[in-house]
>>> print(open('my_file32.cif').read())   # mmCIF, C-alpha atoms
data_run
#
loop_
_atom_site.group_PDB
_atom_site.id
_atom_site.type_symbol
_atom_site.label_atom_id
_atom_site.label_comp_id
_atom_site.auth_asym_id
_atom_site.auth_seq_id
_atom_site.Cartn_x
_atom_site.Cartn_y
_atom_site.Cartn_z
ATOM 1 C CA MET A 221 8.170 8.136 75.023
ATOM 2 C CA THR A 222 6.271 5.262 73.472
ATOM 3 C CA ALA A 223 5.565 4.214 69.891
ATOM 4 C CA GLU A 224 2.045 2.985 70.584
ATOM 5 C CA SER A 225 0.318 5.700 68.576
ATOM 6 C CA LEU A 226 2.594 6.189 65.579
ATOM 7 C CA LYS A 227 0.602 6.767 62.397
ATOM 8 C CA LEU A 228 2.163 7.332 58.975
ATOM 9 C CA TYR A 229 0.224 8.965 56.150
ATOM 10 C CA THR A 230 1.869 7.386 53.146
ATOM 11 C CA TYR A 231 1.647 6.344 49.501
ATOM 12 C CA TRP A 232 3.223 3.151 48.257
ATOM 13 C CA ARG A 233 5.361 4.685 45.480
ATOM 14 C CA SER A 234 6.309 7.988 47.111
ATOM 15 C CA SER A 235 10.057 8.030 47.632
ATOM 16 C CA ALA A 236 9.704 10.483 50.520
ATOM 17 C CA CYS A 237 7.369 8.038 52.287
ATOM 18 C CA TYR A 238 9.703 5.182 51.378
ATOM 19 C CA ARG A 239 12.489 6.970 53.314
ATOM 20 C CA VAL A 240 10.395 7.217 56.444
ATOM 21 C CA ARG A 241 9.215 3.603 56.202
ATOM 22 C CA ILE A 242 12.857 2.494 56.086
ATOM 23 C CA ALA A 243 13.654 4.634 59.125
ATOM 24 C CA LEU A 244 10.709 3.249 61.104
ATOM 25 C CA ASN A 245 11.786 -0.291 60.236
ATOM 26 C CA LEU A 246 15.419 0.314 61.126
ATOM 27 C CA LYS A 247 14.310 1.714 64.475
ATOM 28 C CA GLY A 248 12.089 -1.331 64.984
ATOM 29 C CA LEU A 249 8.988 0.838 65.471
ATOM 30 C CA ALA A 250 5.509 -0.436 64.757
ATOM 31 C CA TYR A 251 3.139 2.039 63.131
ATOM 32 C CA GLU A 252 -0.259 2.343 61.528
ATOM 33 C CA SER A 253 -0.119 2.958 57.776
ATOM 34 C CA VAL A 254 -2.740 5.391 56.445
ATOM 35 C CA PRO A 255 -2.667 5.356 52.625
ATOM 36 C CA ILE A 256 -3.163 8.670 50.826
ATOM 37 C CA HIS A 257 -3.639 8.011 47.121
ATOM 38 C CA LEU A 258 -1.903 10.731 45.124
ATOM 39 C CA ILE A 259 -3.727 10.041 41.848
ATOM 40 C CA THR A 260 -7.270 8.818 42.564
ATOM 41 C CA GLU A 261 -9.947 11.489 42.035
ATOM 42 C CA GLY A 262 -7.339 14.169 41.548
ATOM 43 C CA GLY A 263 -5.325 13.149 44.605
ATOM 44 C CA GLU A 264 -6.524 12.543 48.158
ATOM 45 C CA GLN A 265 -3.765 14.852 49.429
ATOM 46 C CA HIS A 266 -5.786 17.807 48.111
ATOM 47 C CA ARG A 267 -8.902 17.038 50.136
ATOM 48 C CA GLU A 268 -9.803 19.426 52.927
ATOM 49 C CA ALA A 269 -9.503 16.733 55.592
ATOM 50 C CA PHE A 270 -5.874 16.084 54.677
ATOM 51 C CA ARG A 271 -5.112 19.767 54.117
ATOM 52 C CA GLU A 272 -5.897 20.279 57.792
ATOM 53 C CA ILE A 273 -3.183 17.737 58.619
ATOM 54 C CA ASN A 274 -0.663 19.192 56.170
ATOM 55 C CA PRO A 275 -1.359 22.577 54.548
ATOM 56 C CA GLN A 276 1.325 21.751 51.952
ATOM 57 C CA GLU A 277 -0.821 18.844 50.723
ATOM 58 C CA LEU A 278 2.241 16.610 50.737
ATOM 59 C CA ILE A 279 3.187 13.281 52.265
ATOM 60 C CA PRO A 280 4.627 11.762 54.347
ATOM 61 C CA VAL A 281 3.092 12.976 57.569
ATOM 62 C CA LEU A 282 3.833 11.264 60.870
ATOM 63 C CA GLN A 283 1.370 11.531 63.733
ATOM 64 C CA HIS A 284 2.621 10.586 67.171
ATOM 65 C CA GLY A 285 -0.162 10.908 69.664
ATOM 66 C CA GLU A 286 -1.486 14.445 69.264
ATOM 67 C CA ARG A 287 1.631 15.787 67.562
ATOM 68 C CA VAL A 288 2.014 15.988 63.776
ATOM 69 C CA PHE A 289 5.379 15.962 62.013
ATOM 70 C CA ARG A 290 5.918 16.938 58.373
ATOM 71 C CA GLN A 291 8.859 16.762 55.938
ATOM 72 C CA SER A 292 10.569 13.395 55.649
ATOM 73 C CA LEU A 293 14.005 14.353 56.958
ATOM 74 C CA ALA A 294 12.542 16.157 59.955
ATOM 75 C CA VAL A 295 10.398 13.084 60.620
ATOM 76 C CA ILE A 296 13.422 10.774 60.448
ATOM 77 C CA GLU A 297 15.455 12.938 62.811
ATOM 78 C CA TYR A 298 12.494 13.138 65.195
ATOM 79 C CA LEU A 299 12.207 9.350 65.253
ATOM 80 C CA ASP A 300 15.934 9.037 65.868
ATOM 81 C CA GLU A 301 15.898 11.476 68.779
ATOM 82 C CA ALA A 302 12.570 10.489 70.325
ATOM 83 C CA PHE A 303 13.399 6.791 70.301
ATOM 84 C CA ASP A 304 17.099 7.018 71.053
ATOM 85 C CA GLU A 305 17.199 3.642 72.805
ATOM 86 C CA PHE A 306 16.796 2.007 69.389
ATOM 87 C CA PRO A 307 19.540 1.776 66.707
ATOM 88 C CA ARG A 308 20.594 5.301 65.809
ATOM 89 C CA LEU A 309 20.163 6.707 62.294
ATOM 90 C CA MET A 310 22.499 9.656 62.818
ATOM 91 C CA PRO A 311 26.203 9.252 63.621
ATOM 92 C CA ALA A 312 27.469 10.170 67.083
ATOM 93 C CA ILE A 313 30.264 12.480 65.859
ATOM 94 C CA ALA A 314 29.330 15.951 64.598
ATOM 95 C CA ARG A 315 31.385 15.853 61.391
ATOM 96 C CA ASP A 316 29.879 12.466 60.491
ATOM 97 C CA ARG A 317 26.357 13.735 61.184
ATOM 98 C CA ALA A 318 27.015 16.699 58.913
ATOM 99 C CA ARG A 319 28.158 14.410 56.086
ATOM 100 C CA CYS A 320 25.155 12.146 56.601
ATOM 101 C CA ARG A 321 22.784 15.137 56.424
ATOM 102 C CA ALA A 322 24.538 16.467 53.345
ATOM 103 C CA ILE A 323 24.108 13.201 51.439
ATOM 104 C CA ALA A 324 20.468 13.004 52.513
ATOM 105 C CA ASP A 325 19.962 16.614 51.386
ATOM 106 C CA MET A 326 21.521 15.899 48.001
ATOM 107 C CA VAL A 327 18.636 13.506 47.445
ATOM 108 C CA ALA A 328 15.798 15.184 49.311
ATOM 109 C CA MET A 329 16.577 18.813 48.460
ATOM 110 C CA ASP A 330 18.256 18.660 45.061
ATOM 111 C CA ILE A 331 17.107 15.587 43.110
ATOM 112 C CA HIS A 332 13.680 14.642 44.430
ATOM 113 C CA PRO A 333 11.852 18.004 44.245
ATOM 114 C CA LEU A 334 12.544 18.388 40.512
ATOM 115 C CA GLY A 335 10.889 15.104 39.619
ATOM 116 C CA ASN A 336 8.068 14.686 42.095
ATOM 117 C CA LEU A 337 4.421 14.397 41.137
ATOM 118 C CA ARG A 338 3.326 18.004 41.537
ATOM 119 C CA VAL A 339 6.227 19.235 39.410
ATOM 120 C CA GLN A 340 5.407 16.646 36.745
ATOM 121 C CA GLN A 341 1.754 17.715 36.816
ATOM 122 C CA TYR A 342 2.677 21.395 36.516
ATOM 123 C CA LEU A 343 4.929 20.679 33.554
ATOM 124 C CA GLU A 344 2.112 18.741 31.893
ATOM 125 C CA HIS A 345 -1.028 20.678 32.718
ATOM 126 C CA THR A 346 0.266 24.261 32.994
ATOM 127 C CA LEU A 347 3.284 24.404 30.707
ATOM 128 C CA GLY A 348 2.080 21.817 28.203
ATOM 129 C CA VAL A 349 5.261 19.737 28.292
ATOM 130 C CA ASP A 350 4.733 16.351 26.653
ATOM 131 C CA ALA A 351 5.518 13.005 28.267
ATOM 132 C CA THR A 352 8.812 12.473 26.439
ATOM 133 C CA ALA A 353 10.156 15.870 27.453
ATOM 134 C CA ARG A 354 9.013 15.404 31.063
ATOM 135 C CA GLU A 355 10.800 12.067 31.314
ATOM 136 C CA ASP A 356 13.946 13.568 29.774
ATOM 137 C CA TRP A 357 13.743 16.371 32.366
ATOM 138 C CA THR A 358 13.459 13.870 35.208
ATOM 139 C CA ARG A 359 16.269 11.627 33.966
ATOM 140 C CA HIS A 360 18.556 14.642 33.548
ATOM 141 C CA TRP A 361 18.221 15.721 37.185
ATOM 142 C CA ILE A 362 18.431 12.198 38.569
ATOM 143 C CA ARG A 363 21.610 11.420 36.612
ATOM 144 C CA LEU A 364 23.179 14.747 37.575
ATOM 145 C CA GLY A 365 22.401 14.193 41.244
ATOM 146 C CA LEU A 366 23.489 10.567 41.374
ATOM 147 C CA ASP A 367 26.727 11.405 39.602
ATOM 148 C CA ALA A 368 27.541 13.933 42.342
ATOM 149 C CA ILE A 369 26.586 11.512 45.110
ATOM 150 C CA GLU A 370 28.706 8.791 43.507
ATOM 151 C CA ARG A 371 31.707 11.103 43.594
ATOM 152 C CA VAL A 372 31.079 12.054 47.207
ATOM 153 C CA LEU A 373 30.798 8.412 48.252
ATOM 154 C CA ALA A 374 33.655 7.045 46.154
ATOM 155 C CA ASP A 375 36.131 9.745 47.177
ATOM 156 C CA SER A 376 35.680 9.507 50.954
ATOM 157 C CA SER A 377 37.219 7.237 53.551
ATOM 158 C CA SER A 378 34.043 7.810 55.592
ATOM 159 C CA THR A 379 32.115 5.602 53.174
ATOM 160 C CA GLY A 380 31.895 2.062 54.487
ATOM 161 C CA ALA A 381 29.408 -0.697 53.869
ATOM 162 C CA PHE A 382 26.850 2.111 53.896
ATOM 163 C CA CYS A 383 26.908 5.796 52.977
ATOM 164 C CA GLU A 384 28.447 6.772 56.310
ATOM 165 C CA GLY A 385 30.383 4.010 57.985
ATOM 166 C CA ASP A 386 29.238 0.450 58.501
ATOM 167 C CA ALA A 387 25.714 0.967 59.807
ATOM 168 C CA PRO A 388 22.706 2.339 57.918
ATOM 169 C CA THR A 389 21.885 5.990 58.504
ATOM 170 C CA MET A 390 19.446 8.616 57.284
ATOM 171 C CA ALA A 391 21.618 8.953 54.179
ATOM 172 C CA ASP A 392 20.859 5.356 53.179
ATOM 173 C CA CYS A 393 17.163 5.894 53.945
ATOM 174 C CA CYS A 394 17.222 8.597 51.264
ATOM 175 C CA LEU A 395 19.546 6.991 48.752
ATOM 176 C CA VAL A 396 17.750 3.673 48.267
ATOM 177 C CA PRO A 397 14.362 5.195 47.283
ATOM 178 C CA GLN A 398 16.116 7.540 44.862
ATOM 179 C CA VAL A 399 17.831 4.597 43.178
ATOM 180 C CA TYR A 400 14.423 2.936 42.944
ATOM 181 C CA ASN A 401 13.154 6.067 41.164
ATOM 182 C CA ALA A 402 16.149 6.065 38.848
ATOM 183 C CA ARG A 403 15.298 2.571 37.699
ATOM 184 C CA ARG A 404 11.658 3.568 37.198
ATOM 185 C CA PHE A 405 12.869 6.125 34.664
ATOM 186 C CA GLY A 406 15.139 3.652 32.893
ATOM 187 C CA ILE A 407 18.466 4.855 34.264
ATOM 188 C CA ASP A 408 21.309 2.319 34.304
ATOM 189 C CA VAL A 409 22.412 2.368 37.935
ATOM 190 C CA SER A 410 25.543 0.341 37.139
ATOM 191 C CA ALA A 411 27.010 3.657 35.977
ATOM 192 C CA PHE A 412 27.250 4.489 39.700
ATOM 193 C CA PRO A 413 29.115 1.505 41.176
ATOM 194 C CA THR A 414 29.478 2.758 44.749
ATOM 195 C CA ILE A 415 25.800 3.667 44.909
ATOM 196 C CA ALA A 416 24.855 0.275 43.443
ATOM 197 C CA ARG A 417 27.016 -1.533 46.000
ATOM 198 C CA ILE A 418 25.506 0.364 48.924
ATOM 199 C CA GLU A 419 21.993 -0.198 47.608
ATOM 200 C CA ALA A 420 22.619 -3.958 47.416
ATOM 201 C CA THR A 421 23.932 -3.962 50.992
ATOM 202 C CA CYS A 422 20.844 -2.085 52.171
ATOM 203 C CA LEU A 423 18.404 -4.332 50.336
ATOM 204 C CA ALA A 424 19.894 -7.366 52.055
ATOM 205 C CA LEU A 425 18.304 -6.053 55.266
ATOM 206 C CA ASP A 426 14.677 -6.761 56.147
ATOM 207 C CA ALA A 427 14.148 -3.138 57.172
ATOM 208 C CA PHE A 428 14.745 -2.020 53.583
ATOM 209 C CA GLN A 429 12.969 -4.964 51.966
ATOM 210 C CA ASP A 430 9.828 -4.468 54.038
ATOM 211 C CA ALA A 431 9.729 -0.767 53.118
ATOM 212 C CA ARG A 432 9.792 -1.428 49.339
ATOM 213 C CA PRO A 433 6.892 0.114 47.420
ATOM 214 C CA GLU A 434 5.674 -3.284 46.177
ATOM 215 C CA ALA A 435 5.489 -4.563 49.755
ATOM 216 C CA GLN A 436 3.027 -1.896 50.901
ATOM 217 C CA PRO A 437 -0.641 -2.658 51.589
ATOM 218 C CA ASP A 438 -1.813 0.056 49.173
ATOM 219 C CA ALA A 439 0.365 -1.169 46.278
ATOM 220 C CA PRO A 440 -1.761 -2.174 43.257
#
>>> encode(input="my_file32.cif", output="C-alpha cells")
Amino acid sequence: MTAESLKLYTYWRSSACYRVRIALNLKGLAYESVPIHLITEGGEQHREAFREINPQELIPVLQHGERVFRQSLAVIEYLDEAFDEFPRLMPAIARDRARCRAIADMVAMDIHPLGNLRVQQYLEHTLGVDATAREDWTRHWIRLGLDAIERVLADSSSTGAFCEGDAPTMADCCLVPQVYNARRFGIDVSAFPTIARIEATCLALDAFQDARPEAQPDAP
C-alpha cells in the first residue's frame, strides 16, 4: 500500500478537514490538497461534479487511487490501518481504543454537527434565526461538550500528555480543531484546563502546526 495518490478534498477552516490533515501529518503521509470552497457561489460542495464524489455534499473526502473515503473518523481510521508501518493513531489495547473513539465521537458526533455550516445556514435561511441567536446556539453546544470532555480527561488515569496516554491519537486530532472553533466563537478555553494543556502539547508538534487553518494554501 503506497501513499503516492492520496488526495484530500478540503476547506481551510473546516474542523472536520482539520482533523484529517492532522492525521495525515502525524502519519507522515504526503497528499494533494484539493480545496472545496464552502461559501463561494453558494458552495462548491453543492456542484454536481463534487456530488458525484460525495452525495452528502460534505467534506473532507479522501481519495486513494480509485477508492473514495468519506466521513473524517472513518478516513482517519483507514489511514491508520492502511499505513500501519507509520506512527499509530489508535491505541494497541482494546479498552484504550474504545476510550479514544469515545472522546473523538464526543467531538465529531455530539458537538460539531450542531454548529457546522449547513446547520447554521438552515437556522438562518429556513428558520429565520438571527446572527446573535445562532452564535448563542453554537456557544451553548460547544461549552456543554467541552465541559463533558474536560471531566472525562481530568478524571481518568488514562489521560497523559495527550488525550489517551503520551502519544497523539485520533482523539487529539478531533479535540484540537474543536478548541480552535471554540475560540472562533469567543469561548474562554482556560475554563477547561486539561483540554487547554493537551491542546498546547499538541500545538508544539509540527504535525498540528502545519494542519492549522491559517497554514493552508486556500486560506484567505
>>> residues_around(input="my_file32.cif", residues="range 385-390 of chain A", least_positions_apart="6", cutoff="10 Å", atoms="only C-alpha atoms", output="ChimeraX atom specification")
/A:239-240,242-243,246,293,296-297,300,307-311,316-317,320-321,323-325,377-379,418,421-422,425
>>> resolve_selection(input="my_file32.cif", expression="the PyMOL selection byres ((chain A and resi 333) around 12)", output="list in words")
Ser234, Ser235, Ala236, Leu278, Asp325, Met326, Val327, Ala328, Met329, Asp330, Ile331, His332, Leu334, Gly335, Asn336, Leu337, Arg338, Val339, Gln340, Thr358, Trp361, Ile362, Gly365 and Gln398 of chain A
>>> closest_atom_pairs(input="my_file32.cif", of="range 293-328 of chain A", to="range 223-229 of chain A", cutoff="10 Å", atoms="all atoms listed in the file", output="tab-separated table")
residue	atom	partner	partner_atom	distance
A:Leu299	CA	A:Ala223	CA	9.6
A:Ala302	CA	A:Ala223	CA	9.4
A:Phe303	CA	A:Ala223	CA	8.3
>>> resolve_selection(input="my_file32.cif", expression="the PyMOL selection byres ((chain A and resi 359) around 9)", output="NGL selection string")
:A and (335 or 354-358 or 360-364 or 402 or 405-407)
>>> resolve_selection(input="my_file32.cif", expression="the PyMOL selection byres ((chain A and resi 437) around 9)", output="number ranges by chain")
A: 232, 253, 255, 434-436, 438-440
>>> residues_around(input="my_file32.cif", residues="Gln276 in chain A", least_positions_apart="5", cutoff="10 Å", atoms="all atoms listed in the file", output="PyMOL selection string")
chain A and resi 265-266+270-271+290-291
>>> residues_around(input="my_file32.cif", residues="His257 in chain A", least_positions_apart="4", cutoff="7 Å", atoms="all atoms listed in the file", output="ChimeraX atom specification")
/A:231,263-264
>>> closest_residue(input="my_file32.cif", among="A:Leu258, A:Ala381, A:Ala424, A:Ala431", to="Gln341 in chain A", atoms="only C-alpha atoms")
A:Leu258
>>> atom_distance(input="my_file32.cif", atom1="CA of Phe306 in chain A", atom2="CA of Glu384 in chain A")
18.2 Å
>>> closest_residue(input="my_file32.cif", among="A:Glu305, A:Glu419, A:Asp408, A:Asp350", to="Cys383 in chain A", atoms="all atoms listed in the file")
A:Glu419
>>> atom_distance(input="my_file32.cif", atom1="CA of Ala427 in chain A", atom2="CA of Ala411 in chain A")
25.7 Å
>>> closest_residue(input="my_file32.cif", among="A:Ala318, A:Leu244, A:Ala250, A:Ala269", to="Val295 in chain A", atoms="all atoms listed in the file")
A:Leu244
>>> atom_distance(input="my_file32.cif", atom1="CA of Ala322 in chain A", atom2="CA of Asp392 in chain A")
11.7 Å
>>> closest_residue(input="my_file32.cif", among="A:Ala391, A:Leu423, A:Leu366, A:Ala294", to="Val409 in chain A", atoms="all atoms listed in the file")
A:Leu366
>>> decode(input="my_file32.cif", residues="range 343-426 of chain A", atoms="C-alpha atoms", output="compact mmCIF listing (two decimals), in the first residue's frame")
# COMPACT_ATOMS: atom_id res chain seq x y z
CA LEU A 343 -31.13 28.20 11.10
CA GLU A 344 -30.61 31.43 9.17
CA HIS A 345 -32.32 30.87 5.85
CA THR A 346 -35.13 28.45 6.77
CA LEU A 347 -35.94 29.20 10.39
CA GLY A 348 -35.05 32.89 10.29
CA VAL A 349 -32.78 32.78 13.34
CA ASP A 350 -30.69 35.94 13.61
CA ALA A 351 -26.91 36.03 13.94
CA THR A 352 -26.88 36.66 17.69
CA ALA A 353 -29.17 33.72 18.41
CA ARG A 354 -27.19 31.43 16.08
CA GLU A 355 -23.93 32.28 17.83
CA ASP A 356 -25.55 31.72 21.24
CA TRP A 357 -26.78 28.33 19.98
CA THR A 358 -23.28 27.37 18.83
CA ARG A 359 -21.55 28.54 22.01
CA HIS A 360 -24.07 26.62 24.14
CA TRP A 361 -23.31 23.28 22.47
CA ILE A 362 -19.56 23.84 22.36
CA ARG A 363 -19.40 24.73 26.06
CA LEU A 364 -21.62 21.79 27.01
CA GLY A 365 -19.49 19.37 25.00
CA LEU A 366 -16.13 20.69 26.16
CA ASP A 367 -17.27 20.62 29.77
CA ALA A 368 -18.05 16.90 29.42
CA ILE A 369 -14.75 16.19 27.67
CA GLU A 370 -12.87 18.11 30.36
CA ARG A 371 -14.44 15.90 33.01
CA VAL A 372 -13.62 12.74 31.08
CA LEU A 373 -10.00 13.79 30.64
CA ALA A 374 -9.43 15.19 34.12
CA ASP A 375 -10.96 12.21 35.93
CA SER A 376 -9.01 9.44 34.17
CA SER A 377 -5.59 7.96 34.80
CA SER A 378 -5.54 7.10 31.08
CA THR A 379 -5.03 10.78 30.26
CA GLY A 380 -1.36 11.54 29.77
CA ALA A 381 0.41 14.23 27.82
CA PHE A 382 -2.36 13.68 25.27
CA CYS A 383 -5.99 12.59 25.46
CA GLU A 384 -5.04 8.91 25.66
CA GLY A 385 -1.58 8.28 27.01
CA ASP A 386 1.60 10.00 25.95
CA ALA A 387 1.30 9.88 22.17
CA PRO A 388 -1.19 11.73 19.96
CA THR A 389 -4.19 9.73 18.80
CA MET A 390 -7.38 10.23 16.82
CA ALA A 391 -8.87 11.83 19.93
CA ASP A 392 -6.32 14.67 19.77
CA CYS A 393 -6.92 15.02 16.02
CA CYS A 394 -10.54 15.82 16.89
CA LEU A 395 -10.03 17.85 20.04
CA VAL A 396 -7.62 20.48 18.71
CA PRO A 397 -9.86 21.65 15.82
CA GLN A 398 -12.82 21.85 18.20
CA VAL A 399 -10.84 24.08 20.55
CA TYR A 400 -9.97 26.23 17.54
CA ASN A 401 -13.71 26.54 16.83
CA ALA A 402 -14.41 27.40 20.45
CA ARG A 403 -12.04 30.33 20.25
CA ARG A 404 -13.63 31.46 16.98
CA PHE A 405 -16.90 31.83 18.88
CA GLY A 406 -15.29 33.71 21.76
CA ILE A 407 -15.24 30.90 24.31
CA ASP A 408 -12.64 31.17 27.08
CA VAL A 409 -10.80 27.86 26.81
CA SER A 410 -9.00 28.45 30.12
CA ALA A 411 -12.24 27.26 31.73
CA PHE A 412 -11.15 23.78 30.58
CA PRO A 413 -7.61 23.44 31.95
CA THR A 414 -6.94 19.83 30.95
CA ILE A 415 -8.14 20.48 27.42
CA ALA A 416 -6.02 23.65 27.24
CA ARG A 417 -2.94 21.76 28.44
CA ILE A 418 -3.40 18.99 25.89
CA GLU A 419 -4.01 21.50 23.11
CA ALA A 420 -0.75 23.30 23.96
CA THR A 421 1.14 19.99 23.91
CA CYS A 422 -0.34 19.15 20.51
CA LEU A 423 0.41 22.55 19.00
CA ALA A 424 4.06 22.16 19.94
CA LEU A 425 4.24 19.47 17.24
CA ASP A 426 4.79 20.32 13.58
